[in-house]
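*Asks:* After the structure tokens below, expect a handful of questions from me.
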Amino acid sequence: MEFLRPASWEEALAAKAEHPSALPIAGGTDVMVEINFDHRRPEYLLDLNRIALLQEWQTDGDVVRLGASVPYTRIMEQLRAPLPGLALASHTVASPQIRNRGSVGGNLGCASPAGDSHPALLAAGAEVEAESVRGARLIPVDSFYTGVKRNALAPDELIKTIRVPVADGPQQFSKVGTRNAMVIAVCAFALALHPRTRSVRTGIGSAAPTPVRARAAEEFLEAALEEEGLWDSRKALAPSVVQRFGDLAAASCNPIDDVRGTARYRRHAVGVMARRQLLWTWEEYRA
């Protein structure tokens with residue numbers, strides 16, 4: 001196994017172009033586990049820790065451009081106001097040590113359906129900025145996940161930034177696990193209200209082969225809010241609306257039975273989280 005250590009972003013892109021099979025590593029919180037358990041034995045490791053721009057973030061209009069290597073701890077400390085859903089998800093990641101090293105870029109690169117950042121990114125409507133020596137492109141996060149631990153990156157591409165819209169309404173995230181820390185999600189759910197566009201977005205984790213949105217639930221809630229004029233009146237939601245939203249969210253899952261939980265339990269838990277988050281976000285919006 002050869003270790004490549006570029007000093008600049010341009011050198012990193014050149015190394016990835018020359019060695020497309022090179023496995024990027026920054027925090028290493030997923031990569032080193034796979035290597036230590038001999039699940040992966042790459043010919044090349046591409047160390048990105050010297051690339052300063054990957055560890056920076058900036059606000060560009062109504063979008064936060066989040067460097068791929070910005071650790072979860074900084075998201076929690078510095079981006080709670082513009083990215084509340086992602087900050088909540090960051091709080092649930094593993095332990096303080098891993099939050100100090102792990103990043104959203106690493107989560108996306110691994111593309112595990114249980115990755116904690118994915119539901120929040122889906123609910124926010126994020127885009128992934130990928131770059132190679134051939135040029136750059138933006139990939140909507142909805143199109144980024146192509147299968148179990150597979151993503152839409154070309155072999156010579158690296159994740160540069162994640163573009164996340166600044167929240168214009170309440171956002172929530174929660175997950176179910178067997179304990180409160182150092183746990184892989186049994187299932188997870190995220191919800192974001194977007195009053196500016198009068199739209200709703202969701203994200204579901206660890207309850208399908210890839211992270212997915214509960215599109216039927218979103219469409220139902222958007223229609224209910226519009227028909228009743230609730231975006232303007234901010235009146236309380238009818239219990240039937242909350243119940244139906246949860247039912248549709250649960251139906252959007254395609255889970256499996258495994259050692260962490262049954263498919264039936266995952267569907268049930270997603271429905272519960274969806275109903276609770278709808279009540280929480282709507283009460284925040286009304287306030």
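If you're wondering about the labels, chains in the structure tokens are A, B, ... by order shown, residues count from 1 in each chain, ligands from 1 in order shown.
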Would you pick out the contacts of Val200 of chain A at 7 Å or less, using only C-alpha atoms, so that residues sharing its chain but fewer than 2 positions from it are not included, and give the list as a PyMOL selection string?

*Replies:* chain A and resi 192-194+202+218+222

*Asks:* Write out, as a PDB file, in the first residue's frame, the residues just selected, with C-alpha atoms.

*Replies:*
ATOM      1  CA  ALA A 192     -36.831  20.781   7.041  1.00  0.00           C
ATOM      2  CA  LEU A 193     -39.560  23.369   6.476  1.00  0.00           C
ATOM      3  CA  HIS A 194     -38.793  25.856   3.703  1.00  0.00           C
ATOM      4  CA  THR A 202     -37.162  15.052   4.405  1.00  0.00           C
ATOM      5  CA  GLU A 218     -43.529  15.763   1.554  1.00  0.00           C
ATOM      6  CA  GLU A 222     -47.149  20.647   1.196  1.00  0.00           C
TER       7      GLU A 222
END

*Asks:* List as a tab-separated table every residue of segment 75-176 of chain A that is in contact with segment 22-28 of chain A, defined as an atom at most 10 Å from one of its atoms (using only C-alpha atoms), together with the nearest atom pair and the distance in Å rounded to one decimal, sorted by chain and then rising number.

*Replies:*
residue	atom	partner	partner_atom	distance
A:Ile98	CA	A:Gly27	CA	8.1
A:Arg99	CA	A:Gly27	CA	9.3
A:Asn100	CA	A:Gly27	CA	8.4
A:Arg101	CA	A:Gly27	CA	4.6
A:Gly102	CA	A:Gly27	CA	5.0
A:Ser103	CA	A:Gly27	CA	7.0
A:Gly105	CA	A:Ala26	CA	9.0
A:Gly106	CA	A:Ala26	CA	7.4
A:Gly109	CA	A:Pro24	CA	8.5
A:Pro155	CA	A:Ala22	CA	8.8
A:Asp156	CA	A:Ala22	CA	9.0
A:Leu158	CA	A:Pro24	CA	8.0
A:Ile159	CA	A:Pro24	CA	9.6

*Asks:* Pick out the closest residue to Glu284 of chain A from this set: A:Ala208, A:Gly169, A:Leu4, A:Ala217. Count only C-alpha atoms.

*Replies:*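 The answer is A:Gly169, which sits nearest to Glu284 of chain A.
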
*Asks:* When DSSP works through the backbone of this structure, what residues of segment 47-177 of chain A end up as strand (DSSP E or B), shown as a PyMOL selection string?

*Replies:* chain A and resi 47+57-60+63-67+71+103+127-132+135-140+145-147+150-151+158-165+171-176

*Asks:* Could you name the residues that touch segment 139-152 of chain A at 9 Å or less, counting only C-alpha atoms, but leaving out those on the same chain fewer than 5 positions away, as a PyMOL selection string?

*Replies:* chain A and resi 108-113+118+121-122+125-130+208-213

*Asks:* For the residues in the current selection, export N, CA and C atoms as an mmCIF file, in the first residue's frame.

*Replies:*
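Saved as result-v1.cif:
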data_model
loop_
_atom_site.group_PDB
_atom_site.id
_atom_site.type_symbol
_atom_site.label_atom_id
_atom_site.label_comp_id
_atom_site.auth_asym_id
_atom_site.auth_seq_id
_atom_site.Cartn_x
_atom_site.Cartn_y
_atom_site.Cartn_z
ATOM 1 N N LEU A 108 -20.005 11.324 2.956
ATOM 2 C CA LEU A 108 -20.476 11.221 1.581
ATOM 3 C C LEU A 108 -19.619 10.242 0.776
ATOM 4 N N GLY A 109 -18.318 10.293 0.983
ATOM 5 C CA GLY A 109 -17.441 9.396 0.245
ATOM 6 C C GLY A 109 -17.718 7.941 0.560
ATOM 7 N N CYS A 110 -17.971 7.658 1.836
ATOM 8 C CA CYS A 110 -18.310 6.285 2.245
ATOM 9 C C CYS A 110 -19.681 5.884 1.737
ATOM 10 N N ALA A 111 -20.634 6.834 1.753
ATOM 11 C CA ALA A 111 -21.997 6.631 1.239
ATOM 12 C C ALA A 111 -22.745 5.493 1.920
ATOM 13 N N SER A 112 -22.437 5.254 3.186
ATOM 14 C CA SER A 112 -23.194 4.250 3.926
ATOM 15 C C SER A 112 -24.631 4.728 4.130
ATOM 16 N N PRO A 113 -25.622 3.851 3.972
ATOM 17 C CA PRO A 113 -27.005 4.273 4.221
ATOM 18 C C PRO A 113 -27.244 4.707 5.662
ATOM 19 N N HIS A 118 -26.394 12.228 6.135
ATOM 20 C CA HIS A 118 -27.171 12.115 4.890
ATOM 21 C C HIS A 118 -28.620 12.605 5.007
ATOM 22 N N LEU A 121 -28.679 16.396 5.016
ATOM 23 C CA LEU A 121 -28.310 16.964 3.716
ATOM 24 C C LEU A 121 -29.462 16.849 2.728
ATOM 25 N N LEU A 122 -30.161 15.716 2.749
ATOM 26 C CA LEU A 122 -31.320 15.546 1.872
ATOM 27 C C LEU A 122 -32.414 16.545 2.216
ATOM 28 N N GLY A 125 -31.513 20.029 1.048
ATOM 29 C CA GLY A 125 -31.379 20.233 -0.387
ATOM 30 C C GLY A 125 -29.962 20.594 -0.792
ATOM 31 N N ALA A 126 -28.977 19.886 -0.247
ATOM 32 C CA ALA A 126 -27.571 20.189 -0.482
ATOM 33 C C ALA A 126 -27.122 19.751 -1.880
ATOM 34 N N GLU A 127 -25.970 20.266 -2.271
ATOM 35 C CA GLU A 127 -25.303 19.847 -3.501
ATOM 36 C C GLU A 127 -23.855 19.516 -3.178
ATOM 37 N N VAL A 128 -23.314 18.526 -3.869
ATOM 38 C CA VAL A 128 -21.932 18.100 -3.673
ATOM 39 C C VAL A 128 -21.092 18.650 -4.825
ATOM 40 N N GLU A 129 -20.061 19.421 -4.496
ATOM 41 C CA GLU A 129 -19.160 19.937 -5.524
ATOM 42 C C GLU A 129 -18.010 18.953 -5.695
ATOM 43 N N ALA A 130 -17.986 18.285 -6.836
ATOM 44 C CA ALA A 130 -16.937 17.322 -7.150
ATOM 45 C C ALA A 130 -16.007 17.924 -8.192
ATOM 46 N N ALA A 208 -33.188 1.934 4.087
ATOM 47 C CA ALA A 208 -33.280 1.621 2.659
ATOM 48 C C ALA A 208 -31.846 1.367 2.192
ATOM 49 N N PRO A 209 -31.662 0.829 0.984
ATOM 50 C CA PRO A 209 -30.293 0.591 0.500
ATOM 51 C C PRO A 209 -29.453 1.855 0.402
ATOM 52 N N THR A 210 -30.105 3.000 0.219
ATOM 53 C CA THR A 210 -29.423 4.294 0.208
ATOM 54 C C THR A 210 -30.217 5.265 1.071
ATOM 55 N N PRO A 211 -29.631 6.382 1.465
ATOM 56 C CA PRO A 211 -30.439 7.447 2.082
ATOM 57 C C PRO A 211 -31.494 7.913 1.077
ATOM 58 N N VAL A 212 -32.716 8.131 1.553
ATOM 59 C CA VAL A 212 -33.814 8.484 0.655
ATOM 60 C C VAL A 212 -34.664 9.592 1.272
ATOM 61 N N ARG A 213 -35.490 10.197 0.416
ATOM 62 C CA ARG A 213 -36.484 11.162 0.885
ATOM 63 C C ARG A 213 -37.856 10.492 0.948
#

*Asks:* I'd like to know which of A:Cys187, A:Leu153, A:Ala14, A:Ala287 is closest to Arg264 of chain A, using only C-alpha atoms.

*Replies:*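 Selected residue with least distance to Arg264 of chain A: A:Cys187.
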
*Asks:* Among segment 116-286 of chain A, which ones does DSSP place in helix (DSSP H, G or I), written as a VMD selection string?

*Replies:* chain A and resid 117 to 124 141 to 144 215 to 227 230 to 233 239 to 251 263 to 286

*Asks:* Smallest atom-to-atom distance to Trp57 of chain A: which of A:His19, A:Arg163, A:Arg179, A:His91, using only C-alpha atoms?

*Replies:*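 For Trp57 of chain A, the nearest of the given residues is A:Arg163.
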
*Asks:* Skipping near chain neighbours, those fewer than 3 positions away, what residues fall within 8 Å of Gly246 of chain A using only C-alpha atoms, listed as an MDAnalysis selection string?

*Replies:* chainID A and resid 217 242:243 249:250 270:275

*Asks:* Using only C-alpha atoms, can you tell me which of A:Gly205, A:His39, A:Gln58, A:Pro195 comes closest to Asp232 of chain A?

*Replies:* A:Pro195

*Asks:* Of the candidates A:Phe245, A:Trp9, A:Trp280, A:Phe220, which one gets nearest to Ala52 of chain A if we count only C-alpha atoms?

*Replies:* A:Trp9

*Asks:* So, counting only C-alpha atoms, which residue among A:Val70, A:Leu79, A:Val63, A:Ala94 is closest to Ala124 of chain A?

*Replies:* A:Val63

*Asks:* Please measure the separation of atom CA of Ser90 of chain A and atom CA of Thr197 of chain A, giving the value in Å to one decimal.

*Replies:*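 Atom CA of Thr197 of chain A lies at a distance of 26.0 Å from atom CA of Ser90 of chain A.
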